[in-house]
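Containing compact mmCIF, C-alpha atoms: input36.txt.
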# COMPACT_ATOMS: atom_id res chain seq x y z
CA MET A 1 98.13 132.58 124.12
CA ASN A 2 96.18 130.68 121.48
CA ARG A 3 98.23 127.50 121.49
CA GLU A 4 96.30 125.76 124.26
CA LYS A 5 93.02 126.75 122.60
CA ILE A 6 94.14 125.42 119.21
CA LYS A 7 95.19 122.17 120.81
CA LYS A 8 91.75 121.78 122.39
CA ILE A 9 90.02 122.47 119.07
CA ILE A 10 92.17 119.96 117.18
CA GLY A 11 91.59 117.41 119.93
CA ALA A 12 87.83 117.92 119.86
CA ILE A 13 87.63 117.68 116.07
CA LEU A 14 89.73 114.52 116.07
CA PHE A 15 87.52 113.05 118.77
CA LEU A 16 84.36 113.57 116.75
CA ALA A 17 85.76 112.61 113.35
CA PRO A 18 84.22 109.38 112.08
CA LYS A 19 86.93 108.90 109.44
CA PRO A 20 90.56 109.88 108.87
CA LEU A 21 91.06 113.63 108.66
CA ASN A 22 93.19 115.16 105.98
CA LEU A 23 96.13 116.95 107.55
CA ASP A 24 96.20 119.87 105.13
CA SER A 25 92.49 120.55 105.17
CA LEU A 26 92.43 120.65 108.97
CA LEU A 27 95.47 122.94 108.99
CA ASN A 28 93.72 125.20 106.47
CA PHE A 29 90.63 125.31 108.61
CA ILE A 30 92.58 126.18 111.76
CA THR A 31 94.62 128.89 110.02
CA LYS A 32 91.42 130.59 108.93
CA ASN A 33 90.72 131.27 112.59
CA TYR A 34 94.12 131.27 114.22
CA GLU A 35 97.67 131.98 113.24
CA ILE A 36 99.72 128.85 113.34
CA LYS A 37 102.66 127.46 111.40
CA LYS A 38 102.57 123.97 109.99
CA GLU A 39 105.45 122.81 112.18
CA ASP A 40 103.71 124.00 115.33
CA PHE A 41 100.55 122.30 114.16
CA LEU A 42 102.47 119.04 113.75
CA THR A 43 104.05 119.48 117.19
CA ILE A 44 100.58 119.87 118.68
CA LEU A 45 99.47 116.67 116.94
CA ASN A 46 102.43 114.85 118.42
CA GLU A 47 101.60 116.17 121.88
CA ILE A 48 98.01 114.98 121.50
CA LYS A 49 99.30 111.58 120.34
CA GLU A 50 101.40 111.26 123.50
CA GLU A 51 98.66 112.52 125.83
CA VAL A 52 95.85 110.24 124.61
CA LYS A 53 98.08 107.16 124.82
CA ASN A 54 97.42 107.07 128.55
CA ILE A 55 93.72 106.50 128.02
CA GLY A 56 93.90 103.69 125.46
CA ILE A 57 93.70 105.83 122.36
CA ASN A 58 96.17 106.00 119.47
CA LEU A 59 96.56 108.84 117.04
CA ILE A 60 97.57 107.14 113.82
CA SER A 61 98.61 108.65 110.52
CA ASP A 62 99.66 107.62 107.04
CA GLY A 63 101.40 110.93 106.52
CA LYS A 64 98.43 112.61 104.85
CA ASN A 65 95.53 111.66 107.08
CA PHE A 66 95.24 111.01 110.74
CA GLN A 67 92.68 109.56 113.09
CA LEU A 68 92.01 108.60 116.69
CA VAL A 69 91.59 104.86 117.16
CA THR A 70 91.56 102.48 120.09
CA ASP A 71 94.78 100.97 121.37
CA PRO A 72 95.07 97.42 119.95
CA GLU A 73 95.98 96.21 123.45
CA THR A 74 92.43 96.94 124.50
CA SER A 75 90.70 95.36 121.53
CA ALA A 76 89.59 92.08 123.12
CA LEU A 77 87.50 93.76 125.81
CA VAL A 78 86.42 96.66 123.61
CA GLU A 79 85.06 94.12 121.13
CA GLU A 80 83.35 92.19 123.88
CA PHE A 81 81.75 95.32 125.34
CA PHE A 82 80.43 96.59 122.01
CA LYS A 83 79.78 93.09 120.65
CA ILE A 84 81.94 93.73 117.61
CA GLU A 85 82.79 90.78 115.46
CA VAL A 86 86.00 91.13 113.54
CA ASP A 87 86.20 88.97 110.47
CA LYS A 88 89.87 88.48 109.65
CA ASP A 89 89.27 85.75 107.14
CA LEU A 90 91.43 86.31 104.11
CA SER A 91 92.28 83.84 101.37
CA LEU A 92 95.88 82.71 100.98
CA ALA A 93 96.07 84.55 97.67
CA ALA A 94 94.90 87.73 99.40
CA ILE A 95 97.48 87.36 102.16
CA GLU A 96 100.20 86.65 99.62
CA THR A 97 99.38 89.79 97.69
CA LEU A 98 99.08 91.85 100.86
CA ALA A 99 102.45 90.53 102.04
CA LEU A 100 104.13 91.78 98.86
CA VAL A 101 102.37 95.13 99.00
CA CYS A 102 103.24 95.57 102.70
CA TYR A 103 106.83 94.42 102.63
CA ALA A 104 107.88 95.82 99.28
CA GLY A 105 105.16 98.33 98.32
CA PRO A 106 104.30 100.51 96.58
CA LEU A 107 104.31 97.95 93.79
CA THR A 108 102.76 97.89 90.34
CA ARG A 109 100.46 95.13 89.22
CA SER A 110 103.07 93.69 86.88
CA GLU A 111 105.65 93.57 89.70
CA ILE A 112 103.17 91.70 91.86
CA GLU A 113 102.53 89.30 88.98
CA ILE A 114 106.24 88.65 88.50
CA LEU A 115 106.54 87.75 92.18
CA ARG A 116 103.40 85.63 92.37
CA GLY A 117 103.71 84.03 88.94
CA VAL A 118 100.02 84.49 88.36
CA ASN A 119 97.68 87.12 87.01
CA SER A 120 96.75 89.33 89.95
CA SER A 121 94.25 91.81 88.60
CA TYR A 122 91.39 89.87 90.13
CA ILE A 123 92.88 89.69 93.63
CA LEU A 124 94.04 93.32 93.53
CA ARG A 125 90.54 94.43 92.63
CA GLU A 126 89.15 92.40 95.52
CA LEU A 127 91.64 93.84 98.04
CA PHE A 128 90.96 97.32 96.69
CA MET A 129 87.19 96.88 97.05
CA ARG A 130 87.65 95.67 100.60
CA GLY A 131 89.66 98.79 101.33
CA LEU A 132 92.78 96.89 102.36
CA ILE A 133 94.98 98.44 99.71
CA GLU A 134 95.10 101.78 98.00
CA ARG A 135 96.67 102.89 94.78
CA GLU A 136 98.27 105.97 93.40
CA GLN A 137 98.82 106.77 89.76
CA LYS A 138 102.25 107.88 88.64
CA GLY A 139 103.05 108.25 84.98
CA GLY A 140 99.96 106.33 83.97
CA ILE A 141 100.81 103.33 86.15
CA PHE A 142 99.09 102.36 89.37
CA TYR A 143 101.19 101.72 92.45
CA TYR A 144 99.56 99.69 95.17
CA TYR A 145 100.24 100.15 98.88
CA PRO A 146 98.51 99.09 102.12
CA SER A 147 95.69 101.38 103.22
CA LEU A 148 95.27 103.07 106.59
CA ASP A 149 92.27 100.77 107.09
CA PHE A 150 94.52 97.77 106.65
CA LEU A 151 96.90 99.07 109.31
CA LYS A 152 94.02 99.78 111.71
CA PHE A 153 92.48 96.42 111.05
CA PHE A 154 95.65 94.62 112.00
CA GLY A 155 96.67 96.97 114.78
CA ILE A 156 99.86 98.52 113.46
CA GLU A 157 100.76 102.13 112.82
CA ASN A 158 103.30 101.47 110.14
CA VAL A 159 104.21 98.52 107.93
CA ASN A 160 107.73 98.49 109.36
CA GLU A 161 106.23 97.12 112.57
CA LEU A 162 105.61 93.86 110.71
CA PRO A 163 107.87 90.95 111.73
CA ASN A 164 111.31 90.85 110.05
CA PHE A 165 110.34 93.88 107.99
CA GLN A 166 113.82 94.94 106.88
CA GLU A 167 114.96 91.45 105.96
CA ILE A 168 111.89 90.35 104.01
CA SER A 169 111.52 93.73 102.35
CA GLU A 170 115.08 93.54 100.99
CA LYS A 171 114.64 89.97 99.81
CA ILE A 172 111.54 90.78 97.79
CA LYS A 173 112.99 93.96 96.33
CA ASN A 174 116.09 92.00 95.34
CA ILE A 175 114.01 89.48 93.42
CA LEU A 176 112.38 92.31 91.50
CA LEU A 177 115.76 93.88 90.73
CA LYS A 178 117.03 90.59 89.34
CA PHE A 179 113.99 90.20 87.12
CA LYS A 180 114.28 93.72 85.85
CA GLY A 181 117.98 93.22 85.21
CA ASN A 182 117.22 90.31 82.91
CA MET B 183 119.20 71.88 85.96
CA ASN B 184 119.75 68.54 87.57
CA LEU B 185 117.04 66.26 86.24
CA ALA B 186 116.32 63.11 88.15
CA PRO B 187 115.91 59.84 86.27
CA VAL B 188 112.72 59.56 84.32
CA VAL B 189 110.05 57.52 86.00
CA LEU B 190 107.30 56.65 83.61
CA GLY B 191 103.78 56.08 84.74
CA LEU B 192 102.16 57.65 87.72
CA ASN B 193 101.32 56.24 91.07
CA THR B 194 97.63 56.60 90.41
CA LYS B 195 96.49 55.63 93.90
CA ASN B 196 98.50 58.43 95.38
CA ALA B 197 97.23 60.89 92.87
CA MET B 198 93.62 59.99 93.51
CA GLU B 199 94.03 60.51 97.22
CA ASN B 200 95.65 63.88 96.76
CA LYS B 201 92.90 65.01 94.51
CA PHE B 202 90.38 65.20 97.25
CA GLU B 203 92.62 66.51 99.99
CA VAL B 204 93.61 69.77 98.42
CA LYS B 205 91.25 72.66 98.23
CA ILE B 206 91.72 75.47 95.76
CA GLU B 207 92.32 77.82 98.69
CA SER B 208 95.44 75.95 99.67
CA PHE B 209 97.55 77.28 96.84
CA THR B 210 97.71 80.70 95.33
CA GLY B 211 98.95 80.19 91.80
CA PRO B 212 100.79 77.79 89.49
CA LEU B 213 104.15 78.31 91.22
CA ASP B 214 102.59 77.66 94.60
CA LEU B 215 100.93 74.53 93.26
CA LEU B 216 104.22 73.32 91.82
CA LEU B 217 106.03 73.94 95.10
CA LYS B 218 103.34 72.07 96.94
CA LEU B 219 103.78 69.06 94.65
CA ILE B 220 107.55 69.19 95.10
CA GLU B 221 107.20 69.44 98.87
CA GLU B 222 104.84 66.48 98.92
CA LYS B 223 107.57 64.46 97.30
CA LYS B 224 110.08 65.88 99.78
CA LEU B 225 112.44 66.89 97.00
CA GLU B 226 114.80 69.79 96.54
CA ILE B 227 113.73 72.19 93.83
CA ASP B 228 116.71 71.37 91.63
CA LYS B 229 116.10 67.64 91.92
CA ILE B 230 112.59 67.60 90.59
CA ASN B 231 111.41 64.41 88.99
CA ILE B 232 109.87 66.16 86.03
CA SER B 233 107.96 63.20 84.72
CA ASN B 234 106.03 62.61 87.88
CA LEU B 235 105.52 66.28 88.39
CA VAL B 236 103.91 66.82 85.00
CA ASP B 237 101.34 64.15 85.70
CA ASP B 238 100.62 65.38 89.19
CA TYR B 239 100.30 68.92 87.95
CA LEU B 240 97.88 67.90 85.24
CA ASN B 241 95.87 65.94 87.78
CA TYR B 242 95.46 68.91 90.07
CA PHE B 243 94.86 71.19 87.18
CA GLN B 244 92.09 69.10 85.68
CA ASN B 245 90.49 68.92 89.06
CA PHE B 246 90.52 72.62 89.75
CA GLN B 247 90.41 74.30 86.39
CA ASP B 248 86.81 75.38 86.77
CA LYS B 249 87.61 76.93 90.15
CA ILE B 250 90.59 78.88 88.90
CA PRO B 251 89.65 82.45 87.95
CA LEU B 252 89.68 82.85 84.19
CA GLU B 253 92.37 85.50 84.41
CA GLU B 254 94.75 83.01 86.01
CA LEU B 255 94.17 80.05 83.72
CA SER B 256 96.79 81.05 81.17
CA ASP B 257 99.46 81.26 83.88
CA TYR B 258 98.72 77.68 84.90
CA LEU B 259 98.87 76.60 81.28
CA LEU B 260 102.17 78.39 80.79
CA ILE B 261 103.77 76.50 83.65
CA PHE B 262 102.25 73.29 82.39
CA ALA B 263 103.71 73.91 78.94
CA LYS B 264 107.13 74.51 80.49
CA LEU B 265 106.86 71.28 82.44
CA LEU B 266 105.89 69.41 79.30
CA LEU B 267 108.88 70.84 77.48
CA LEU B 268 111.13 69.70 80.31
CA LYS B 269 109.57 66.27 80.33
CA SER B 270 109.98 65.82 76.58
CA ALA B 271 113.59 66.92 76.91
CA VAL B 272 114.18 64.33 79.59
CA LEU B 273 112.47 61.60 77.59
CA SER B 274 114.36 62.35 74.42
CA LYS B 275 117.59 62.97 76.36
CA ILE B 276 118.00 66.37 74.74
CA GLN B 277 119.88 69.00 76.68
CA ILE B 278 117.88 72.17 76.93
CA GLN B 279 118.53 75.43 78.66
CA GLU B 280 115.59 75.75 81.00
CA GLU B 281 116.58 77.21 84.32
CA ASP B 282 113.96 79.88 84.25
CA LEU B 283 111.36 77.78 86.01
CA VAL B 284 113.74 76.67 88.75
CA VAL B 285 114.86 80.24 89.36
CA LYS B 286 111.24 81.36 89.52
CA LEU B 287 110.43 78.60 91.98
CA GLU B 288 113.38 79.51 94.18
CA TYR B 289 112.23 83.11 94.26
CA PHE B 290 108.70 82.07 94.94
CA VAL B 291 109.86 80.24 98.06
CA GLN B 292 110.74 83.67 99.46
CA VAL B 293 107.38 85.11 98.48
CA LYS B 294 105.74 82.20 100.21
CA GLU B 295 107.82 82.76 103.33
CA ALA B 296 106.73 86.40 103.41
CA ARG B 297 103.14 85.27 103.06
CA GLU B 298 103.48 82.85 105.98
CA VAL B 299 105.06 85.51 108.20
CA LEU B 300 102.21 87.90 107.45
CA ARG B 301 99.59 85.20 107.84
CA LYS B 302 100.77 84.35 111.35
CA PHE B 303 101.04 87.99 112.24
CA LEU B 304 97.54 88.82 111.01
CA LYS B 305 96.07 85.87 112.83
CA ASN B 306 97.27 87.16 116.19
CA SER B 307 96.77 90.84 115.49
CA ASN B 308 94.41 93.09 117.38
CA THR B 309 92.26 95.59 115.57
CA MET B 310 92.38 99.30 116.29
CA HIS B 311 88.78 100.41 116.31
CA GLU B 312 87.50 103.73 115.13
CA ARG B 313 84.42 105.71 115.94
CA GLU B 314 82.75 104.85 112.67
CA SER B 315 82.38 101.20 113.55
CA PHE B 316 80.01 102.18 116.35
CA LEU B 317 77.57 104.17 114.25
CA ARG B 318 74.42 102.13 114.50
CA PHE B 319 70.75 102.44 115.20
CA PHE B 320 69.77 102.91 118.80
CA ALA B 321 66.05 102.69 119.56
CA PRO B 322 64.81 105.07 122.24
CA PRO B 323 64.68 103.00 125.47
CA GLN B 324 61.00 103.69 126.16
CA ILE B 325 59.70 102.48 122.82
CA SER B 326 57.47 99.38 122.92
CA LEU B 327 56.95 96.67 120.37
CA LYS B 328 53.37 97.90 119.84
CA GLU B 329 54.57 101.41 119.03
CA LEU B 330 57.08 100.04 116.56
CA GLU B 331 54.33 98.05 114.90
CA ILE B 332 52.07 101.10 114.64
CA SER B 333 54.87 103.19 113.17
CA LEU B 334 55.79 100.52 110.69
CA ASN B 335 52.18 100.13 109.58
CA SER B 336 51.75 103.85 109.17
CA ILE B 337 54.78 103.89 106.88
CA LEU B 338 53.55 100.89 104.92
CA ASN B 339 50.14 102.46 104.46
CA ILE B 340 51.40 105.59 102.82
CA PRO B 341 49.96 105.33 99.33
CA ILE B 342 52.59 105.19 96.71
CA GLU B 343 51.76 107.09 93.60
CA ILE B 344 52.94 105.37 90.54
CA GLN B 345 53.60 107.68 87.72
CA LYS B 346 53.02 106.43 84.27
CA ILE B 347 56.06 106.91 82.19
CA GLU B 348 55.81 106.88 78.47
CA PHE B 349 58.73 105.34 76.70
CA LYS B 350 60.00 106.89 73.58
CA GLU B 351 62.76 105.16 71.79
CA ILE B 352 65.80 107.38 71.44
CA ILE B 353 68.51 104.86 70.73
CA LYS B 354 68.62 101.07 70.76
CA ILE B 355 71.21 99.50 73.04
CA GLN B 356 72.26 97.24 70.16
CA GLU B 357 72.87 100.36 68.12
CA ALA B 358 74.92 101.87 70.93
CA ILE B 359 76.95 98.66 71.16
CA GLU B 360 77.66 98.69 67.45
CA ARG B 361 78.60 102.34 67.46
CA THR B 362 80.86 101.92 70.49
CA LEU B 363 82.66 98.98 68.91
CA LYS B 364 83.09 100.95 65.71
CA ILE B 365 84.60 103.88 67.62
CA LEU B 366 86.91 101.53 69.52
CA ASN B 367 88.10 100.02 66.25
CA GLU B 368 89.29 103.43 65.21
CA ILE B 369 90.46 104.67 68.63
CA PRO B 370 91.42 101.71 70.84
CA GLU B 371 91.53 103.76 74.04
CA ILE B 372 88.87 106.33 74.77
CA GLU B 373 87.09 108.06 77.58
CA PHE B 374 83.36 107.49 78.11
CA SER B 375 82.32 111.10 77.57
CA GLN B 376 84.06 111.08 74.21
CA ILE B 377 81.80 108.28 73.09
CA VAL B 378 78.53 109.89 74.17
CA GLY B 379 79.54 113.31 72.93
CA SER B 380 79.08 116.52 74.84
CA ASN B 381 75.77 117.81 73.57
CA LYS B 382 74.36 118.35 77.05
CA ASN B 383 71.63 120.63 75.78
CA ASP B 384 70.09 117.77 73.86
CA GLN B 385 66.99 116.88 75.89
CA ASN B 386 67.74 113.22 75.27
CA PHE B 387 71.33 113.48 76.50
CA LYS B 388 70.64 111.58 79.72
CA LYS B 389 68.99 108.73 77.88
CA ILE B 390 71.84 108.54 75.41
CA VAL B 391 74.32 108.37 78.28
CA ILE B 392 72.34 105.53 79.86
CA ALA B 393 72.12 103.64 76.58
CA TYR B 394 75.85 103.89 76.01
CA PHE B 395 76.57 102.97 79.62
CA LEU B 396 74.49 99.80 79.26
CA ALA B 397 76.20 99.14 75.95
CA ILE B 398 79.63 99.43 77.58
CA LEU B 399 78.56 97.08 80.37
CA THR B 400 77.39 94.55 77.80
CA ILE B 401 80.61 94.73 75.80
CA TRP B 402 82.63 94.53 79.01
CA LYS B 403 80.74 91.43 80.04
CA GLU B 404 81.79 89.86 76.77
CA ARG B 405 85.40 90.76 77.68
CA LYS B 406 85.89 92.74 74.52
CA ILE B 407 86.99 95.82 76.46
CA GLU B 408 88.68 96.80 79.69
CA VAL B 409 87.07 99.53 81.73
CA GLU B 410 88.70 101.60 84.41
CA GLN B 411 87.42 104.31 86.72
CA ASN B 412 89.77 105.68 89.32
CA GLU B 413 87.31 107.37 91.62
CA LEU B 414 83.61 107.65 92.26
CA PHE B 415 81.96 109.65 89.45
CA GLY B 416 85.39 109.97 87.86
CA LYS B 417 86.22 109.59 84.22
CA ILE B 418 85.61 106.15 82.74
CA PHE B 419 88.36 104.91 80.49
CA ILE B 420 87.56 102.27 77.94
CA LYS B 421 90.22 100.20 76.29
CA LYS B 422 89.95 97.51 73.67
CA SER B 423 91.01 94.16 75.07
CA GLU B 424 94.15 92.70 73.60
Show me the file's structure as structure tokens.
Amino acid sequence: MNREKIKKIIGAILFLAPKPLNLDSLLNFITKNYEIKKEDFLTILNEIKEEVKNIGINLISDGKNFQLVTDPETSALVEEFFKIEVDKDLSLAAIETLALVCYAGPLTRSEIEILRGVNSSYILRELFMRGLIEREQKGGIFYYYPSLDFLKFFGIENVNELPNFQEISEKIKNILLKFKGN
Amino acid sequence: MNLAPVVLGLNTKNAMENKFEVKIESFTGPLDLLLKLIEEKKLEIDKINISNLVDDYLNYFQNFQDKIPLEELSDYLLIFAKLLLLKSAVLSKIQIQEEDLVVKLEYFVQVKEAREVLRKFLKNSNTMHERESFLRFFAPPQISLKELEISLNSILNIPIEIQKIEFKEIIKIQEAIERTLKILNEIPEIEFSQIVGSNKNDQNFKKIVIAYFLAILTIWKERKIEVEQNELFGKIFIKKSE
């Protein structure tokens, strides 16, 4: 049976990968050598995710890419051991914009500007350059959303792990609805 | 909106003190600044003393205008204009319909709350590290300082051959600028390759591309155009500024 072998290969590739791996391209690569359905492939990924948890490693994903990272619980000592300095200094304007993008994203620039009451092209460019947000173009308009790097940086796997996610998310979306209704 | 009685004149002592306490970092836009001023006065949003507020706002604004990014200046001015309108209405006792600003402020309170929640969360968050962060240079353990010095010197002593390059003028940047502006006058939104043309067999093609690229940078610096590129080596879109 190939399943155990495939699992080992996926695990090894994930272990060596220095950046997030694209789900489809890894699946394509595996299917060149072994027969496997996408759903089985995803099941294997989930199994790996569960198994590595025990040794302080998280398998995180944004739906398209996935990557092995350290468990945030371990970060203090990991940082001490490797002498890593984490600079979490962000300006208030940056945090404000990130908050909107995280709680109510994907958002367009004009939506962000409605909410902040100030031109935000400058701050969006800065956040984009720092890799904290990403954008996707739909119908000629850019939609901004938090990047996988942002999630890693702040130790969450999904934005809905943020405090009061549901409540704040609805509040902000409601404001936008009211403005669009006008 | 419920306008409080007009108080003419400003408590200048107070304003002077505030001036030096607040850093630009401590507010994120005109609405945030306005809220801050209202909070300092411990007032409800719908009971703003417009007169005082206008003066305070102007004070802050004058103090920080050179630190405010150019893109944001007009937003500050817009709010200031709205405040002035409100103030003049109060002074001349004219009833005007101006709830827009109050509504915006009330909404902004929620944005600010979201920001504070995230700020606290980020402050106490723990980073998930990835392999990449550990890629760094490791010197072989047995290497000595002397050996490093020898190696470094041997690299530094490699003669560098400087080739003489002869410059031949193909196109002046100024010319490229003028041509680009002329094209943009006819077609306000265009892609870079459309400007330089596609004659890749022309032996000067590379130089023409460079000239136009420098021209675009120059025009962009003068804020006459907006430039957008969505990915590395992707298409460059050039748009005439409004």
Residues within 7 Å of (97.7, 96.6, 91.0), file coords, all atoms listed in the file, listed as a PDB file with C-alpha atoms, keeping the file's coordinate frame:
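As a result, out_8.pdb now contains:
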ATOM      1  CA  THR A 108     102.760  97.890  90.340  1.00  0.00           C
ATOM      2  CA  ARG A 109     100.460  95.130  89.220  1.00  0.00           C
ATOM      3  CA  SER A 121      94.250  91.810  88.600  1.00  0.00           C
ATOM      4  CA  LEU A 124      94.040  93.320  93.530  1.00  0.00           C
ATOM      5  CA  PHE A 142      99.090 102.360  89.370  1.00  0.00           C
ATOM      6  CA  TYR A 143     101.190 101.720  92.450  1.00  0.00           C
ATOM      7  CA  TYR A 144      99.560  99.690  95.170  1.00  0.00           C
TER       8      TYR A 144
END
So which one's closest to Arg135 (chain A), A:Leu21, A:Leu107, A:Val118, A:Leu151? Using only C-alpha atoms, please.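 Smallest separation from Arg135 (chain A) among the options: A:Leu107.
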Please, what distance in Å, to one decimal, runs between CA of Ile377 (chain B) and CA of Ile359 (chain B)?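 Separation between CA of Ile377 (chain B) and CA of Ile359 (chain B): 10.9 Å.
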At a cut-off of 8 Å, which residues of chain A touch chain B? Count only C-alpha atoms and give the answer as a ChimeraX atom specification. /A:16-19,68-73,75-76,82,86,88,91-93,95-97,99-100,115-122,152-155,162-163,168,171-172,175
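Counting from CA of Ile55 (chain A), the distance to CA of Leu148 (chain A) is 21.8 Å.
Nearest-residue note for Asn65 (chain A): choosing from A:Asn22, A:Tyr103, A:Ser169, A:Asn46, the minimum distance belongs to A:Asn22, counting all atoms listed in the file.
The spacing separating CA of Ile365 (chain B) from CA of Lys403 (chain B) amounts to 18.0 Å.
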From A:Gly139, A:Gly63, A:Pro106, A:Gly11, residue lying nearest Glu157 (chain A) [only C-alpha atoms]: A:Gly63
Given 8 Å on each side, where is the centre and what are the edge lengths in Å to one decimal of the axis-aligned box enclosing the listed atoms of region 406-410 of chain B, as AutoDock Vina command-line options?
--center_x 87.3 --center_y 97.2 --center_z 79.5 --size_x 18.8 --size_y 24.9 --size_z 25.9
Which residues come within 8 Å of region 30-38 of chain A, counting only C-alpha atoms, excluding same-chain residues fewer than 3 positions away, as number ranges by chain? A: 2, 6, 26-27, 41-42
